[in-house]
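Peer 1: For reference, this is start.tsv, and it has TSV, C-alpha atoms and all ligand atoms.
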chain	number	residue	atom	x	y	z
H	163	MET	CA	0.00	0.00	0.00
H	164	THR	CA	1.19	3.49	-0.80
H	165	ASP	CA	2.29	5.46	2.31
H	166	GLN	CA	0.96	9.01	2.37
H	167	TYR	CA	2.96	12.14	3.25
H	168	ALA	CA	2.34	15.86	2.78
H	169	VAL	CA	3.68	19.34	3.40
H	170	ILE	CA	1.42	21.72	5.35
H	171	GLY	CA	1.75	25.51	5.12
H	172	ASN	CA	-0.07	28.76	4.38
H	173	PRO	CA	0.60	29.78	1.64
H	174	ILE	CA	1.68	26.48	0.09
H	175	ALA	CA	1.11	26.66	-3.67
H	176	HIS	CA	4.75	27.70	-4.30
H	177	SER	CA	6.20	24.70	-2.42
H	178	LYS	CA	8.79	22.61	-4.26
H	179	SER	CA	8.58	19.83	-1.64
H	180	PRO	CA	6.08	17.62	-3.54
H	181	GLU	CA	8.31	17.66	-6.64
H	182	ILE	CA	11.44	16.95	-4.56
H	183	HIS	CA	9.89	14.05	-2.61
H	184	ARG	CA	8.40	12.53	-5.78
H	185	MET	CA	11.89	12.53	-7.32
H	186	PHE	CA	13.34	10.94	-4.16
H	187	ALA	CA	10.61	8.25	-4.19
H	188	GLU	CA	11.17	7.44	-7.84
H	189	GLN	CA	14.92	7.25	-7.38
H	190	THR	CA	14.81	5.00	-4.28
H	191	GLY	CA	11.81	2.89	-5.34
H	192	GLN	CA	9.82	3.90	-2.23
H	193	ASP	CA	6.04	3.57	-2.62
H	194	ILE	CA	4.88	6.93	-1.24
H	195	SER	CA	2.60	9.79	-2.21
H	196	TYR	CA	3.35	13.40	-1.22
H	197	GLU	CA	1.05	16.38	-1.63
H	198	ALA	CA	0.88	20.05	-0.61
H	199	ILE	CA	-1.90	20.93	1.85
H	200	LEU	CA	-3.06	24.46	2.63
H	201	ALA	CA	-4.12	24.67	6.29
H	202	PRO	CA	-6.24	27.61	7.49
H	203	LEU	CA	-4.20	29.94	9.72
H	204	ASP	CA	-6.29	28.83	12.72
H	205	GLY	CA	-6.55	25.22	11.59
H	206	PHE	CA	-3.08	23.65	11.76
H	207	ALA	CA	-3.75	21.18	14.60
H	208	ALA	CA	-7.06	20.10	13.04
H	209	THR	CA	-5.30	19.49	9.72
H	210	VAL	CA	-2.65	17.30	11.37
H	211	GLU	CA	-5.39	15.41	13.24
H	212	ARG	CA	-7.24	14.74	9.98
H	213	LEU	CA	-4.09	13.41	8.30
H	214	ARG	CA	-3.37	11.11	11.25
H	215	LYS	CA	-6.93	9.75	11.14
H	216	GLU	CA	-6.60	9.14	7.41
H	217	GLY	CA	-3.47	7.07	8.02
H	218	TYR	CA	-0.78	9.45	6.77
H	219	LYS	CA	2.69	8.45	7.99
H	220	GLY	CA	4.10	11.94	8.45
H	221	CYS	CA	4.36	15.45	7.08
H	222	ASN	CA	6.62	18.42	6.58
H	223	ILE	CA	5.68	21.75	8.10
H	224	THR	CA	6.46	25.14	6.65
H	225	VAL	CA	5.66	28.79	7.34
H	226	PRO	CA	3.87	29.80	9.56
H	227	PHE	CA	3.28	26.55	11.46
H	228	LYS	CA	6.74	25.38	12.60
H	229	PHE	CA	6.25	26.60	16.18
H	230	GLU	CA	2.75	25.10	16.41
H	231	ALA	CA	4.20	21.81	15.17
H	232	PHE	CA	6.84	22.06	17.90
H	233	GLN	CA	4.06	22.43	20.48
H	234	LEU	CA	1.96	19.64	18.99
H	235	ALA	CA	4.71	16.99	18.93
H	236	THR	CA	4.66	14.54	21.83
H	237	GLU	CA	8.35	13.64	21.32
H	238	LEU	CA	11.12	15.93	20.06
H	239	THR	CA	14.64	15.36	18.76
H	240	GLU	CA	17.38	17.48	20.39
H	241	ARG	CA	17.77	19.61	17.28
H	242	ALA	CA	14.02	20.36	17.30
H	243	GLN	CA	14.16	21.27	20.99
H	244	VAL	CA	16.99	23.76	20.45
H	245	ALA	CA	15.34	25.15	17.31
H	246	GLN	CA	12.00	25.49	19.14
H	247	ALA	CA	10.51	24.64	15.78
H	248	VAL	CA	9.56	21.48	13.92
H	249	ASN	CA	9.63	21.00	10.15
H	250	THR	CA	9.03	17.23	10.11
H	251	LEU	CA	6.44	15.11	11.90
H	252	LYS	CA	6.29	11.31	12.01
H	253	PHE	CA	3.10	9.59	13.14
H	254	ASP	CA	3.41	6.39	15.15
H	255	GLY	CA	0.12	5.36	16.81
H	256	ASP	CA	-0.61	7.96	19.49
H	257	ILE	CA	2.92	9.34	19.29
H	258	ILE	CA	3.69	12.42	17.20
H	259	GLN	CA	7.44	12.66	16.75
H	260	GLY	CA	8.87	16.07	15.82
H	261	ASP	CA	12.22	16.80	14.21
H	262	ASN	CA	13.90	19.80	12.61
H	263	THR	CA	16.00	18.96	9.56
H	264	ASP	CA	16.69	22.55	8.42
H	265	GLY	CA	20.08	22.97	10.13
H	266	THR	CA	21.40	19.59	9.07
H	267	GLY	CA	20.22	20.43	5.55
H	268	LEU	CA	22.22	23.66	5.64
H	269	VAL	CA	25.34	21.95	6.99
H	270	ARG	CA	25.12	19.16	4.41
H	271	ASP	CA	24.69	21.67	1.58
H	272	ILE	CA	27.75	23.63	2.71
H	273	GLN	CA	29.94	20.60	3.41
H	274	PHE	CA	28.96	18.10	0.69
H	275	ASN	CA	27.52	20.18	-2.16
H	276	LEU	CA	29.74	23.25	-1.82
H	277	GLY	CA	32.72	21.29	-0.48
H	278	ILE	CA	33.53	23.56	2.49
H	279	THR	CA	34.37	21.93	5.82
H	280	LEU	CA	32.98	23.85	8.79
H	281	ASN	CA	35.22	22.44	11.52
H	282	ASN	CA	37.28	25.28	13.07
H	283	LYS	CA	36.03	27.77	10.47
H	284	ARG	CA	35.01	31.28	11.52
H	285	VAL	CA	31.27	31.32	10.81
H	286	LEU	CA	29.03	34.39	11.10
H	287	LEU	CA	25.31	33.64	11.44
H	288	ILE	CA	23.28	36.79	10.72
H	289	GLY	CA	19.86	36.82	12.41
H	290	ALA	CA	18.37	35.46	15.62
H	291	GLY	CA	14.78	34.74	14.54
H	292	GLY	CA	13.16	31.41	13.72
H	293	ALA	CA	15.40	30.66	10.74
H	294	ALA	CA	18.60	31.22	12.77
H	295	TYR	CA	17.34	29.13	15.69
H	296	GLY	CA	16.65	26.31	13.22
H	297	VAL	CA	20.26	26.05	12.07
H	298	ALA	CA	22.40	27.07	15.05
H	299	LEU	CA	22.85	23.68	16.75
H	300	PRO	CA	23.98	21.74	13.66
H	301	LEU	CA	26.45	24.58	12.87
H	302	ARG	CA	27.87	24.28	16.39
H	303	ASP	CA	28.02	20.51	16.14
H	304	ALA	CA	29.90	20.74	12.82
H	305	GLY	CA	32.71	22.41	14.81
H	306	ALA	CA	32.22	26.00	13.62
H	307	ILE	CA	33.64	28.92	15.59
H	308	LEU	CA	30.27	30.58	15.62
H	309	LYS	CA	29.42	34.25	16.01
H	310	ILE	CA	25.75	35.23	15.90
H	311	VAL	CA	24.87	38.83	15.03
H	312	ASN	CA	21.44	40.41	15.12
H	313	ARG	CA	19.90	43.88	14.76
H	314	THR	CA	18.39	43.31	18.22
H	315	SER	CA	21.62	42.12	19.80
H	316	ASP	CA	19.99	40.72	22.97
H	317	LYS	CA	18.41	38.03	20.80
H	318	ALA	CA	21.82	37.09	19.37
H	319	GLN	CA	23.21	36.83	22.90
H	320	ALA	CA	20.26	34.69	24.00
H	321	LEU	CA	20.64	32.26	21.09
H	322	ALA	CA	24.42	32.05	21.67
H	323	SER	CA	24.10	31.41	25.41
H	324	GLY	CA	21.49	28.72	24.84
H	325	LEU	CA	24.00	26.86	22.66
H	326	LYS	CA	27.10	27.35	24.71
H	327	SER	CA	27.24	24.69	27.45
H	328	ASN	CA	31.02	24.17	27.71
H	329	ASN	CA	31.73	25.44	24.23
H	330	THR	CA	33.61	28.76	24.24
H	331	ASN	CA	33.60	28.97	20.44
H	332	ILE	CA	30.16	30.59	20.40
H	333	SER	CA	29.28	34.25	20.95
H	334	GLY	CA	26.58	36.77	20.16
H	335	CYS	CA	27.10	40.42	19.19
H	336	SER	CA	25.67	43.54	17.59
H	337	PHE	CA	26.46	44.73	14.03
H	338	ASP	CA	28.68	47.52	15.51
H	339	GLU	CA	31.00	44.91	16.96
H	340	LEU	CA	31.77	43.36	13.58
H	341	ALA	CA	34.31	46.00	12.52
H	342	ASP	CA	37.77	44.46	11.95
H	343	HIS	CA	36.41	40.90	12.02
H	344	GLN	CA	36.60	38.51	9.07
H	345	PHE	CA	34.79	35.22	8.53
H	346	ASP	CA	35.28	32.15	6.34
H	347	VAL	CA	31.53	31.56	6.09
H	348	VAL	CA	28.83	34.24	6.37
H	349	ILE	CA	25.24	32.97	6.51
H	350	ASN	CA	22.22	35.24	6.13
H	351	ALA	CA	19.36	33.85	8.23
H	352	THR	CA	17.45	37.15	8.41
H	353	SER	CA	14.30	37.90	6.46
H	354	ALA	CA	15.86	41.13	5.10
H	355	GLY	CA	15.93	39.66	1.57
H	356	LEU	CA	12.13	39.56	1.49
H	357	THR	CA	12.02	43.35	1.60
H	358	TYR	CA	15.20	43.82	-0.48
H	359	SER	CA	16.80	45.44	2.58
H	360	THR	CA	20.55	45.68	2.94
H	361	LEU	CA	22.31	44.51	6.11
H	362	PRO	CA	24.73	46.74	8.07
H	363	ILE	CA	27.74	44.43	7.66
H	364	PRO	CA	31.21	45.87	6.95
H	365	PRO	CA	32.53	45.36	3.38
H	366	SER	CA	35.72	43.79	4.77
H	367	ILE	CA	33.77	40.95	6.46
H	368	PHE	CA	34.69	38.24	3.91
H	369	ALA	CA	38.01	36.45	4.53
H	370	PRO	CA	39.95	35.30	1.45
H	371	GLY	CA	38.09	32.32	-0.08
H	372	ALA	CA	34.94	33.04	1.96
H	373	LEU	CA	31.52	31.54	1.33
H	374	ALA	CA	28.48	33.83	1.50
H	375	TYR	CA	25.32	31.78	2.03
H	376	GLU	CA	21.79	33.16	1.67
H	377	MET	CA	19.22	30.84	3.24
H	378	MET	CA	16.46	32.09	0.93
H	379	TYR	CA	16.26	30.96	-2.69
H	380	GLY	CA	14.61	32.05	-5.89
H	381	ARG	CA	16.05	35.54	-6.20
H	382	GLU	CA	19.33	37.45	-5.88
H	383	THR	CA	19.07	39.26	-2.52
H	384	PRO	CA	20.96	42.46	-1.56
H	385	PHE	CA	23.12	40.26	0.72
H	386	MET	CA	24.20	38.11	-2.25
H	387	LYS	CA	24.93	41.19	-4.37
H	388	PHE	CA	26.93	42.75	-1.52
H	389	ALA	CA	28.93	39.53	-1.09
H	390	ARG	CA	29.78	39.37	-4.81
H	391	GLU	CA	30.91	43.00	-4.75
H	392	HIS	CA	33.05	42.63	-1.62
H	393	GLY	CA	35.20	39.61	-2.21
H	394	ALA	CA	33.23	36.50	-1.28
H	395	ALA	CA	34.72	33.64	-3.32
H	396	ILE	CA	31.50	31.61	-3.40
H	397	VAL	CA	27.97	33.02	-3.19
H	398	SER	CA	25.13	30.54	-2.74
H	399	ASP	CA	21.39	30.73	-2.29
H	400	GLY	CA	19.45	28.24	-0.14
H	401	LEU	CA	18.12	25.90	-2.84
H	402	GLY	CA	20.63	23.21	-1.86
H	403	MET	CA	19.54	23.53	1.77
H	404	LEU	CA	15.93	23.03	0.69
H	405	VAL	CA	16.80	19.79	-1.09
H	406	GLU	CA	19.05	18.56	1.74
H	407	GLN	CA	16.49	19.22	4.50
H	408	ALA	CA	13.96	17.30	2.39
H	409	ALA	CA	16.42	14.40	2.03
H	410	GLU	CA	16.97	14.38	5.78
H	411	SER	CA	13.19	14.16	6.37
H	412	PHE	CA	12.82	11.43	3.73
H	413	CYS	CA	15.62	9.48	5.39
H	414	TRP	CA	14.02	9.84	8.84
H	415	TRP	CA	10.67	8.57	7.52
H	416	ARG	CA	11.85	5.85	5.16
H	417	GLY	CA	15.30	4.79	6.41
H	418	VAL	CA	16.76	5.37	2.93
H	419	ARG	CA	18.98	8.32	1.97
H	420	PRO	CA	18.24	9.67	-1.52
H	421	ASP	CA	20.94	11.05	-3.81
H	422	THR	CA	20.36	14.80	-3.75
H	423	ALA	CA	22.71	15.79	-6.60
H	424	PRO	CA	20.41	14.95	-9.56
H	425	VAL	CA	17.42	16.50	-7.79
H	426	LEU	CA	19.27	19.74	-7.09
H	427	ALA	CA	20.58	19.81	-10.67
H	428	LYS	CA	17.03	19.38	-12.02
H	429	LEU	CA	15.65	22.21	-9.86
H	430	ARG	CA	18.56	24.49	-10.82
H	431	SER	CA	17.95	23.89	-14.52
H	432	ALA	CA	14.19	24.54	-14.25
H	501	LIG	P1	12.33	34.02	10.36
H	501	LIG	O1	11.45	32.90	10.80
H	501	LIG	O2	12.39	34.24	8.88
H	501	LIG	O3	13.69	33.94	10.99
H	501	LIG	P2	11.68	36.05	12.29
H	501	LIG	O4	11.65	35.03	13.39
H	501	LIG	O5	10.65	37.11	12.26
H	501	LIG	O6	11.60	35.35	10.88
H	501	LIG	O7	13.14	36.71	12.31
H	501	LIG	C1	13.53	37.65	11.35
H	501	LIG	C2	15.05	37.90	11.53
H	501	LIG	O8	15.48	38.79	10.50
H	501	LIG	C3	15.39	38.60	12.84
H	501	LIG	O9	16.69	38.20	13.21
H	501	LIG	C4	15.35	40.09	12.43
H	501	LIG	O10	16.10	40.95	13.28
H	501	LIG	P3	15.42	41.51	14.66
H	501	LIG	O11	15.39	40.36	15.59
H	501	LIG	O12	16.32	42.60	15.11
H	501	LIG	O13	14.05	41.99	14.26
H	501	LIG	C5	16.01	39.99	11.08
H	501	LIG	N1	15.73	41.09	10.15
H	501	LIG	C6	14.61	41.28	9.41
H	501	LIG	N2	14.73	42.40	8.64
H	501	LIG	C7	15.96	42.91	8.89
H	501	LIG	C8	16.69	44.03	8.40
H	501	LIG	N3	16.17	44.87	7.48
H	501	LIG	N4	17.93	44.27	8.89
H	501	LIG	C9	18.48	43.44	9.81
H	501	LIG	N5	17.84	42.34	10.31
H	501	LIG	C10	16.61	42.08	9.86
Translate the structure described by the file into structure tokens.
Ligand code: ATR
Peer 2:
Amino acid sequence: MTDQYAVIGNPIAHSKSPEIHRMFAEQTGQDISYEAILAPLDGFAATVERLRKEGYKGCNITVPFKFEAFQLATELTERAQVAQAVNTLKFDGDIIQGDNTDGTGLVRDIQFNLGITLNNKRVLLIGAGGAAYGVALPLRDAGAILKIVNRTSDKAQALASGLKSNNTNISGCSFDELADHQFDVVINATSAGLTYSTLPIPPSIFAPGALAYEMMYGRETPFMKFAREHGAAIVSDGLGMLVEQAAESFCWWRGVRPDTAPVLAKLRSA
């Protein structure tokens, strides 16, 4: 019997997840279906309940329901707990397991697709909202020397101290404190690209050979333009992260890791 999965969001029509998961299923021979479901803004929990009753095996969660999914899950992985957000649910009888595959997707895109090892690299994470929370733990666990900067610097400090434990390689700061610092990897996890806003980062921020990574995809943001103009060696959008977080979810559900390279190549060429 075909196992059913879905992605739930609002809006959802733009989602590439059904296409990605269908390619993964075809490639690995897994008998699954995967559709996009629009949930009313006040109807996320009811939508999940309906899917569970209908025998769905799990779902992905996107904007704006990742925090509600975090609250709904009855069991959470460590990376979902730290992220305080869930992008993947797995249904197992009465148990609703919640995971967050966004950060691992980002790390895998940087390390495997872009070929840049993060261990001992100076990494600047810009932003301290939901997107930054989603990726901070896997960046730490990849061995990055991590600085988090945010317009509201208290939020950067809070995210950094939540991650620290015995790790002294993590700090939070304000944009003013970035002068004279250089980084090997600079990641934009703010939503500034949505409004075409520029970020107050110094032009000398990119170390020789640096990667500038924009977590959004689908358009050249001011951050990407700035990085190209100020010496970043590699500038990437977040399409690879999208495919890798999907692969991580697929693997968690099905126990099979799909090959992401042909899927990413197909989306890039479209
Ligand atoms: P998301 O889920 O996309 O992370 P969010 O939780 O609302 O959305 O967080 C948005 C992030 O983008 C925050 O870090 C925000 O900074 P503040 O915490 O100071 O608000 C950041 N952000 C949005 N627009 C920005 C801009 N024009 N310049 C700098 N930071 C910006």
Peer 1: Hey, which residues sit close to ligand LIG 501 (chain H)? Say within 9 Å, counting all atoms listed in the file, and write them as a short mmCIF file (atom, residue, chain, number, x, y, z; two decimals) with C-alpha atoms, keeping the file's coordinate frame.
Peer 2:
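Final file, result23.cif:
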data_model
loop_
_atom_site.label_atom_id
_atom_site.label_comp_id
_atom_site.auth_asym_id
_atom_site.auth_seq_id
_atom_site.Cartn_x
_atom_site.Cartn_y
_atom_site.Cartn_z
CA VAL H 225 5.66 28.79 7.34
CA PRO H 226 3.87 29.80 9.56
CA ILE H 288 23.28 36.79 10.72
CA GLY H 289 19.86 36.82 12.41
CA ALA H 290 18.37 35.46 15.62
CA GLY H 291 14.78 34.74 14.54
CA GLY H 292 13.16 31.41 13.72
CA ALA H 293 15.40 30.66 10.74
CA ALA H 294 18.60 31.22 12.77
CA TYR H 295 17.34 29.13 15.69
CA GLY H 296 16.65 26.31 13.22
CA VAL H 311 24.87 38.83 15.03
CA ASN H 312 21.44 40.41 15.12
CA ARG H 313 19.90 43.88 14.76
CA THR H 314 18.39 43.31 18.22
CA SER H 315 21.62 42.12 19.80
CA ASP H 316 19.99 40.72 22.97
CA LYS H 317 18.41 38.03 20.80
CA ALA H 318 21.82 37.09 19.37
CA ASN H 350 22.22 35.24 6.13
CA ALA H 351 19.36 33.85 8.23
CA THR H 352 17.45 37.15 8.41
CA SER H 353 14.30 37.90 6.46
CA ALA H 354 15.86 41.13 5.10
CA GLY H 355 15.93 39.66 1.57
CA LEU H 356 12.13 39.56 1.49
CA THR H 357 12.02 43.35 1.60
CA TYR H 358 15.20 43.82 -0.48
CA SER H 359 16.80 45.44 2.58
CA THR H 360 20.55 45.68 2.94
CA LEU H 361 22.31 44.51 6.11
CA PRO H 362 24.73 46.74 8.07
#
Peer 1: Extract, using all atoms listed in the file, all DNA, RNA and protein residues at most 12 Å from stretch 415-426 of chain H, discarding same-chain residues fewer than 2 positions from it, and format them as a ChimeraX atom specification.
Peer 2: /H:165-167,178-179,181-194,218-222,250-254,259-261,263,267,270-271,274-276,400-413,428-432
Peer 1: Using all atoms listed in the file, find the one residue out of H:Ile332, H:Leu286, H:Leu200, H:Val269 that sits nearest to H:Ala304.
Peer 2: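 Distance minimum relative to H:Ala304 lands on H:Val269.
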Peer 1: What is the distance between atom CA of H:Phe337 and atom CA of H:Arg284, in Å to one decimal?
Peer 2: 16.1 Å
Peer 1: Choose the residue, out of H:Pro202, H:Ser333, H:Phe385, H:Gln243, that has the smallest atom-to-atom separation from H:Phe229; count all atoms listed in the file.
Peer 2: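 Closest residue, counting all atoms listed in the file: H:Gln243.
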Peer 1: I need the residue nearest H:Ile223 from this list: H:Ile272, H:Gly255, H:Val244, H:Gly171. Use all atoms listed in the file for the distance.
Peer 2: H:Gly171
Peer 1: Closest to H:Asn281 among H:Cys335, H:Val248, H:Leu234, H:Val347, using only C-alpha atoms?
Peer 2: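 Between H:Cys335, H:Val248, H:Leu234, H:Val347, the residue approaching H:Asn281 most closely is H:Val347.
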Peer 1: Which residues come within 12 Å of H:Asp204, counting only C-alpha atoms, excluding same-chain residues fewer than 3 positions away, as JSON, numbers by chain?
Peer 2: {"H": [171, 172, 200, 201, 207, 208, 209, 226, 227, 230]}
Peer 1: Which polymer residues have any atom within 9 Å of an atom of H:Ile363, counting only C-alpha atoms, with same-chain residues fewer than 3 positions away left out, as a VMD selection string?
Peer 2: chain H and resid 337 to 338 340 to 341 360 366 to 367
Peer 1: I'd like to know which of H:Met386, H:Ile307, H:Leu238, H:Met378 is closest to H:Thr330, using all atoms listed in the file.
Peer 2: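 The answer is H:Ile307, which sits nearest to H:Thr330.
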Peer 1: One decimal, in Å: what's the spacing between atom CA of H:Pro300 and atom CA of H:Gln233?
Peer 2: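 Separation between atom CA of H:Pro300 and atom CA of H:Gln233: 21.1 Å.
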Peer 1: As an exercise, work out the distance from atom CA of H:Lys309 to atom CA of H:Asp342 in Å and give it to one decimal place.
Peer 2: 13.8 Å
Peer 1: Ranking H:His176, H:Lys215, H:Lys387, H:Arg241 by minimum distance to H:Asp303 and counting all atoms listed in the file, which one comes first?
Peer 2: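 Looking only at the distances to H:Asp303, the closest residue turns out to be H:Arg241.
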Peer 1: Could you put an axis-aligned box around every listed atom of stretch 273-284 of chain H, padded by 3 Å on each side, and send me its centre and edge lengths in Å to one decimal, as lines of an AutoDock Vina configuration file?
Peer 2:
center_x = 32.4
center_y = 24.7
center_z = 5.5
size_x = 15.8
size_y = 19.2
size_z = 21.2
